[in-house]
Amino acid sequence: MAQMGWDEVTVLRKRTPKASQLKSTQAVNQAQRQGASVETTKKFSAATNKQHSTDKNTAKLDRETEELHHETLGLDVGKLIMQGRQAKGFTQKDLANKISEKPQIVNEYEQAKAIPNQAILAKMERVLGMKLRGKDKGQPLGPDKGSTKKK
């Protein structure tokens, strides 16, 4: 520092701004004032927690109504369950305990709101003693094929 000549020049530079600083509104406004070209793009689904897009687009989903709903139990089966339960003198809670299910399940089956589960229907058939599936709904349940014993 003691002897600096006129030929030597020291240049102090500012650090180049970080990418996050270049994206700030201040930096964009300053670049626009200076006449620099500024490109802005809007990102689709930015700042959302969506990991994957859907397989079908929304218009297809609107048109496809039958594919997207589950078949519920028929009202005739619900009435048969109710009649069979009342004939045996069971409440919904009693029937639910006998088939090891919640009372809400029995209620949904009787109101025909449930999605049919063949295992639950089979349990109900055994307890109520009547068929709830197939062509001969409401008919008494025949003897079990596997329960015949040989003597």
# chains A, B, ... in the order shown; residues from 1 in each chain; ligands from 1
$ residues_around --residues "stretch 119-130 of chain A" --least-positions-apart "4" --cutoff "9 Å" --atoms "only C-alpha atoms" --output "tab-separated table (two decimals) with C-alpha atoms, in the first residue's frame"
chain	number	residue	atom	x	y	z
A	80	LEU	CA	-85.43	-60.47	3.29
A	81	ILE	CA	-82.75	-59.91	5.93
A	84	GLY	CA	-85.69	-63.28	8.56
A	85	ARG	CA	-84.25	-61.43	11.52
A	87	ALA	CA	-88.96	-64.08	12.34
A	88	LYS	CA	-86.14	-65.38	14.53
A	95	LEU	CA	-77.77	-60.65	14.46
A	96	ALA	CA	-74.53	-58.64	14.33
A	98	LYS	CA	-74.08	-63.89	15.86
A	99	ILE	CA	-72.24	-63.13	12.60
A	100	SER	CA	-69.34	-61.35	14.40
A	101	GLU	CA	-69.91	-58.01	12.70
A	137	LYS	CA	-83.75	-65.84	-2.63
A	138	GLY	CA	-85.96	-66.13	0.44
A	139	GLN	CA	-86.19	-69.92	0.27
A	140	PRO	CA	-85.18	-71.94	3.34
A	141	LEU	CA	-81.54	-72.92	3.40
A	142	GLY	CA	-81.15	-76.58	2.50
$ residues_around --residues "A:Leu75" --least-positions-apart "2" --cutoff "6 Å" --atoms "only C-alpha atoms" --output "number ranges by chain"
A: 77-78, 112
$ write_last_selection --atoms "N, CA and C atoms" --output "PDB file, in the first residue's frame"
ATOM      1  N   VAL A  77     -83.161 -57.896  -1.056  1.00  0.00           N
ATOM      2  CA  VAL A  77     -82.320 -58.645  -0.123  1.00  0.00           C
ATOM      3  C   VAL A  77     -82.367 -57.990   1.257  1.00  0.00           C
ATOM      4  N   GLY A  78     -82.378 -56.665   1.300  1.00  0.00           N
ATOM      5  CA  GLY A  78     -82.478 -55.955   2.574  1.00  0.00           C
ATOM      6  C   GLY A  78     -83.765 -56.297   3.306  1.00  0.00           C
ATOM      7  N   ALA A 112     -80.094 -51.599   2.300  1.00  0.00           N
ATOM      8  CA  ALA A 112     -79.559 -51.797   0.943  1.00  0.00           C
ATOM      9  C   ALA A 112     -78.555 -50.711   0.566  1.00  0.00           C
TER      10      ALA A 112
END
$ residues_around --residues "stretch 19-29 of chain A" --least-positions-apart "4" --cutoff "10 Å" --atoms "only C-alpha atoms" --output "MDAnalysis selection string"
chainID A and resid 33:40
$ atom_distance --atom1 "atom CA of A:Ala114" --atom2 "atom CA of A:Lys79"
13.3 Å
$ residues_around --residues "A:Pro103" --least-positions-apart "4" --cutoff "9 Å" --atoms "only C-alpha atoms" --output "PyMOL selection string"
chain A and resi 92-97+107-108
$ atom_distance --atom1 "atom CA of A:Glu110" --atom2 "atom CA of A:Thr91"
11.9 Å
$ atom_distance --atom1 "atom CA of A:Asp76" --atom2 "atom CA of A:Tyr109"
10.6 Å
